[in-house]
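Peer 1: Dropping the structure in here first, questions after.
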Amino acid sequence: MELRLSELSERVGAKLDGDAGTVVHGVAPLDRAGPGEVTYLAGPRHRRSLPETNAAAVILTESFRPECPVAALVCENPELVFARVVEALAGERQKRAGIHATAWVDDGAEVHPSAYVGPHCTVECGVHVGAGAEIGSGSFLGAECRIGEDTVLMARVSVYPGVTLGRRCLVHAGAVLGSDGFGLARDGDRWIKIPQLGSLSIGDDVEIGANTTIDRGAMDDTIVEEGVKLDNQIQIGHNVFIGANTAIAGCAGVAGSTRIGRGCTIGGGACVAGHIEIADAVHVGGMAGVSKSLHEPGAYASGTLVEPLVNWRRNSARFRHLDELARRVRKLEARLDELDDDEGS
Amino acid sequence: MELRLSELSERVGAKLDGDAGTVVHGVAPLDRAGPGEVTYLAGPRHRRSLPETNAAAVILTESFRPECPVAALVCENPELVFARVVEALAGERQKRAGIHATAWVDDGAEVHPSAYVGPHCTVECGVHVGAGAEIGSGSFLGAECRIGEDTVLMARVSVYPGVTLGRRCLVHAGAVLGSDGFGLARDGDRWIKIPQLGSLSIGDDVEIGANTTIDRGAMDDTIVEEGVKLDNQIQIGHNVFIGANTAIAGCAGVAGSTRIGRGCTIGGGACVAGHIEIADAVHVGGMAGVSKSLHEPGAYASGTLVEPLVNWRRNSARFRHLDELARRVRKLEARLDELDDDEGS
Amino acid sequence: MELRLSELSERVGAKLDGDAGTVVHGVAPLDRAGPGEVTYLAGPRHRRSLPETNAAAVILTESFRPECPVAALVCENPELVFARVVEALAGERQKRAGIHATAWVDDGAEVHPSAYVGPHCTVECGVHVGAGAEIGSGSFLGAECRIGEDTVLMARVSVYPGVTLGRRCLVHAGAVLGSDGFGLARDGDRWIKIPQLGSLSIGDDVEIGANTTIDRGAMDDTIVEEGVKLDNQIQIGHNVFIGANTAIAGCAGVAGSTRIGRGCTIGGGACVAGHIEIADAVHVGGMAGVSKSLHEPGAYASGTLVEPLVNWRRNSARFRHLDELARRVRKLEARLDELDDDEGS
C-alpha cells in the first residue's frame with residue numbers, strides 16, 4: 001500500500017519533519033532501507049548507521065533528529081510508531097476462510113463461516129470457532145473448547161478439551177494449552193495422579209510463543225488475563241493466575257497455584273516457585289529464581305555473574321563456606337573490640 | 001455416578017463422620033462445592049474457607065475435623081483420598097476404539113481391536129498398539145515401536161522408531177520420545193554426528209508432560225522405570241537412567257549418561273549434568289545445578305535467593321571477589337593471632 | 001554390510017592391530033559386543049570392561065592398547081572413528097521418495113522427484129523441497145520456505161513461511177523454525193506487537209534438536225551458520241547470529257539480537273542475554289547466565305555449587321549480605337592497620 005508521508009505521519013501519531021509529499025510503500029532496516037521505505041532508530045546502538053541511511057523517512061526521537069539526513073517521523077516511542085507504520089502500509093490482510101478438505105471437523109462443532117480451519121486439523125465435538133479465527137495446519141481443538149473472534153493459531157497447536165481463548169489472540173506453533181497439571185499424591189512409594197478437573201481461561205489479545213505450555217487447573221481454572229504476552233518455551237503450571245499485560249520472556253517457568261500481578265515482566269529463563277504471590281508491576285530479572293512472594297513492586301534478581309571459569313571455580317568453592325566466613329568475620333570483630341577495650345583500659 | 005457417603009468412604013479408605021445416607025455425585029473446590037459435592041482441604045492455606053463450605057462432605061485430616069461444619073471423610077492423606085473419590089464417582093470412562101478414517105496405519109502395524117488411533121495419526125510398519133491404548137490426534141508412531149496396554153497418548157505425540165512404552169502410561173501433547181541424543185565428535189573445526197543406535201524404554205505407569213523430550217541411547221538404551229512422573233518441558237538426554245517412582249518438575253533437564261535413583265524428586269528448572277550418579281531418595285531443589293554425583297540420600301540445593309535488584313547488584317559484584325575476600329579474612333586472622341602472641345609475650 | 005577389518009581400518013583412518021581378515025558387520029557396546037561386532041572405548045570410565053570384551057575389535061587410543069584382549073583400531077579420536085565405522089557398516093541407507101497420499105501439497109510448491117513428503121504433511125505455495133530431502137510425518141512447510149538437498153525433517157516439524165534451510169540438515173520432531181520474535185512496544189499499560197518482518201536462514205549441516213525453537217528476525221534475518229549443532233528444547237530469539245560449528249546443549253536460551261561467534265560451546269540450561277556479543281571459541285558452562293558480552297575466547301561460568309540443603313540455606317542467606325560483609329572486612333583491615341601504626345609509633 002502506498003501513502004504520502006503527510007498521511008502516514010497523521011495516522012501513526014508522529015510529527016513529520018520533511019517532504020510531506022514523499023510516497024512510501026514499505027519498511028526496511030536502517031542500513032538497507034532505500035527510496036520509498038521507512039525505517040526506525042531503536043536507540044543509540046544503531047546511531048552510527050543514521051547519517052548514511054537512504055530511507056525515505058526515519059522514525060526517531062527528537063534527540064536524534066539533528067543526525068538524520070532524510071525526512072523524520074519524530075515521536076517519543078519509535079518502536080510503537082514503527083508497529084503502526086507497518087500496519088498502515090500493510091493494507092488489509094488477506095484472510096483465509098473455510099474448512100480445508102483434509103481437516104476433520106466433528107458434526108457437533110461450530111465453525112463460523114468467516115473462520116478458517118487448515119489442513120489436517122482436528123476439531124472435536126462442541127468446539128466453537130469464532131468469526132475471523134484461523135486454525136493453523138495440524139492443530140487439535142479438543143471437545144468443547146472455544147476460540148474467540150479473530151484469534152489465530154499457527155501450525156500444530158494443541159488445545160485440550162474445555163479451554164477458552166479470547167479474541168485477537170495469537171498462538172504460535174507447537175504450543176499446548178490446557179494439559180494436565182502436575183498433581184500427584186503419595187501412596188507409599190508410588191505416586192497417584194490427582195485428577196485435573198479445572199480448565200484454562202485465556203483473555204483477549206494474548207500472545208503465546210512457540211512450544212509454550214499452559215496447564216489446566218486441578219479444580220479451579222488456570223487464568224491468563226487479557227494482554228498477557230508469553231514468549232517461546234514457557235511453562236505455566238496449574239491454577240496459576242497471570243494478571244493483565246504481564247510479559248514473560250522465553251524459557252521461564254511458573255509453578256502451580258502462583259499468582260502473578262498485572263503489568264509485570266519476568267526475564268528469560270527465570271523460574272517462579274509454586275503457591276506464592278507476585279505483586280503488580282514486579283520486574284524479575286533473567287534466570288532469577290523466585291522462591292518467595294514479592295509483595296512490593298520493583299525490580300528483583302538472583303544468581304551470580306558470569307566470569308572466567310578459573311575464577312568462578314575458586315569463588316563458588318568459597319560460597320559453600322560463606323556462612324562460616326561470616327562467622328569468622330564476626331569473631332574477628334569481637335577480638336578487635338576486645339583488643340580496643342584492652343587498649344582503652 | 002451417585003454414591004452414598006457410607007459406600008464412598010469405604011471404597012476410598014476414609015473414616016466417615018456424618019450422615020451415612022447422604023448421596024454425592026461429584027467434586028468441587030472448597031469454596032464452591034454445594035449439595036451432592038465432595039471437596040477436600042489440602043492444608044492450612046485453605047482453612048479459612050472451611051467453616052463456610054456448603055459441600056456435602058469434606059476430605060480432611062483429623063486435626064481439621066473440629067472446624068468442619070458438614071460431613072467429613074477423615075484420613076491421613078486427603079490428596080490421595082481425593083484422587084480415589086474422583087475415580088469412584090467418575091464411573092466407567094467411555095473408551096474410544098478403532099482407527100479413525102483420516103489416520104494412516106501401515107499394513108504391517110498391529111493395532112489391538114480395543115485400541116483407538118485418532119485423526120491424522122501416522123502408524124508405521126511393525127508398530128504394536130496394545131489393548132485399550134489410545135493414540136491422540138496427529139500423533140506419530142515410528143516403525144517397530146510398542147505402545148503398552150491402556151497407555152494414552154494425547155494429541156501430537158512423536159514416538160521415534162523402536163521406542164517401547166509400558167502399560168497405563170499417559171503422555172501429553174507435543175512430547176517427543178526417542179529423538180537422537182546429542183552425540184558429537186570433533187573432526188578439526190567441525191562436528192561429526194555419532195550415530196544414536198540405542199533406543200528408549202519406558203516402564204509402566206509413567207506420566208510424561210507436554211512438550212517433554214526424551215532422547216534414545218547412543219548404543220545402550222535410555223531407561224525410564226515404572227511409576228516415573230515427568231512434568232512439562234523436561235529434557236532427558238541419551239543413556240540416562242531414571243529409577244522407579246522418581247518425579248521431576250517442569251523445565252528440568254538431565255544430561256546424557258546420568259543415573260538417577262529411585263524415589264527421587266527433582267525441582268522445576270533444575271539441571272543435572274551428564275555422566276554422574278544420583279542416589280535413591282535424593283531431593284533436588286528448584287533451579288539447582290547438579291554438577292557432581294550425589295551419593296547420599298537427602299535434600300540438596302544451589303543458587304542464590306531473589307532480592308531487590310539494587311542489593312543484588314552489589315552482592316553479586318562481591319561474589320566475583322569472594323575467594324580474595326576469604327584470603328583477606330585468613331590474613332586478618334593471622335595478623336590478629338600475631339598481635340595476640342605479641343601481647344602474650 | 002560386511003567388511004574385513006583391514007578394509008574397515010583403511011576406510012575410517014585407524015591403525016589396525018590384529019587379524020586383518022576378521023569380518024565384522026555391526027557395532028555394540030563394549031560389554032555386550034560379540035563376534036563380528038566392533039565397539040569403542042570412549043575414555044577411562046569404561047576401562048574396566050575392556051579386558052573382558054568379546055568384541056571382534058575395539059576402537060581406542062594407543063594408551064589403552066595394552067589392556068585390549070582383541071583386535072584394536074588404534075586412533076587419536078575414538079568417537080570420530082566410531083562414527084565413521086557405523087557409516088561404513090551401514091551401507092547405503094534406503095531412501096524414501098515421493099509424496100504420501102495423505103500429504104497436502106499446494107500446486108505452487110516444488111518438490112524434487114527424489115524427495116519425500118510424509119503422511120499428513122502440509123506444503124504451502126512457493127515452497128521448494130530439494131533433491132533427496134525428507135519431510136517427516138505431520139510437518140508443516142509455510143509458503144515460500146526452502147528445504148535444501150538431503151535435509152531431513154523428522155515428524156511434526158513446523159517451518160514458518162520464508163525460512164531457508166541448507167543442505168544435509170537434520171531437524172528433530174517438534175522443532176519450530178521461524179516463529180515470531182518477542183518484539184513488543186509499550187502503549188501505556190498495554191503491549192503492542194512489533195511486526196516480525198525478517199526471516200530465518202539456516203546453513204548447511206546444521207542439526208536441530210527436538211522441540212527447539214528459533215525465531216525469525218524483526219527486520220533483518222536470524223542467522224544460523226553451517227555446522228551449528230543445537231540440542232533439544234533450545235530457544236533462539238530474533239535476530240540472533242550463531243557462528244559456524246558452534247554447539248549448544250539442551251534447554252539453553254539465547255535472547256534476541258545477540259551474536260555468538262564460531263566454534264563456541266554453550267552448556268545445558270545456560271541463558272545468554274540479548275544484544276550482547278560472544279567471541280569465537282568461547283565455552284560457557286552449564287546453567288551459566290551470560291548477561292554481558294564476552295570478548296575473549298576461553299571458558300566461563302556462573303552460579304553456585306550444589307550442596308546439602310541445610311548448608312545451602314545458611315550460605316545463601318549470607319549472600320544477601322555479602323556486600324556488607326566485604327565492607328566489614330575492609331573496616332577490620334583499617335582498624336588493624338591503625339593498631340599496627342599505633343604499635344609501630
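How things are named: the first chain in the C-alpha cells is A, the next is B, and so on; residues count from 1 in each chain; ligands count from 1 in the order shown.
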List as a ChimeraX atom specification the protein and nucleic acid residues near Ala185 of chain C, meaning an atom at most 6 Å away when only C-alpha atoms are counted, but skip any in the same chain fewer than 4 places from it.
Peer 2: /A:79-80 /C:191-192
Peer 1: Within 6 Å of chain C, which residues belong to chain B? Use only C-alpha atoms and report them as a PyMOL selection string.
Peer 2: chain B and resi 182+185+190+194+219+290+299-304+314-315
Peer 1: Quick one: everything within 9 Å of His112 of chain B, counting only C-alpha atoms, minus sequence neighbours fewer than 2 positions away in the same chain. Send it as a ChimeraX atom specification.
Peer 2: /B:98,110,114-116,128-133
Peer 1: Applying 12 Å and only C-alpha atoms, which residues near Ala33 of chain C remain after dropping the ones on its own chain fewer than 6 positions away? List them as a VMD selection string.
Peer 2: (chain B and resid 219 to 220) or (chain C and resid 24 to 27 39 to 41 49 to 50 52 to 58 70)
Peer 1: Residues at most 9 Å from Asp204 of chain A, counting only C-alpha atoms, excluding those fewer than 6 positions away in the same chain, as a PyMOL selection string?
Peer 2: chain A and resi 148+151+165-169+225-228
Peer 1: Tell me, which residues of segment 45-285 of chain A carry DSSP strand (DSSP E or B), written as a PyMOL selection string?
Peer 2: chain A and resi 57-60+71-74+98-99+104-105+110-111+116-117+122-123+128-129+134-135+140-141+146-147+152-153+158-159+164-165+170-171+176-179+184-187+190-193+200-202+207-208+213-215+222-224+229-230+235-236+241-242+247-248+253-254+259-260+265-266+271-272+277-278+282-284
Peer 1: Quick one: of A:Ala14, A:Ile236, A:Ala281, A:Val105, who's nearest to Glu62 of chain A, counting only C-alpha atoms?
Peer 2: A:Ala14
Peer 1: Which residue, B:Leu3, B:Ile214, B:Val163, B:Ile266, has the smallest gap to Arg146 of chain B when you use only C-alpha atoms?
Peer 2: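 Ranked by minimum distance to Arg146 of chain B, first place goes to B:Val163.
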Peer 1: Rounded to one decimal in Å, what is the spacing between atom CA of Ala109 of chain A and atom CA of Leu141 of chain B?
Peer 2: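 According to the coordinates, atom CA of Ala109 of chain A and atom CA of Leu141 of chain B are separated by 27.7 Å.
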Peer 1: Give the alpha helix (DSSP H) residues of segment 24-148 of chain A, as assigned by DSSP on the backbone, as a PyMOL selection string.
Peer 2: chain A and resi 78-90
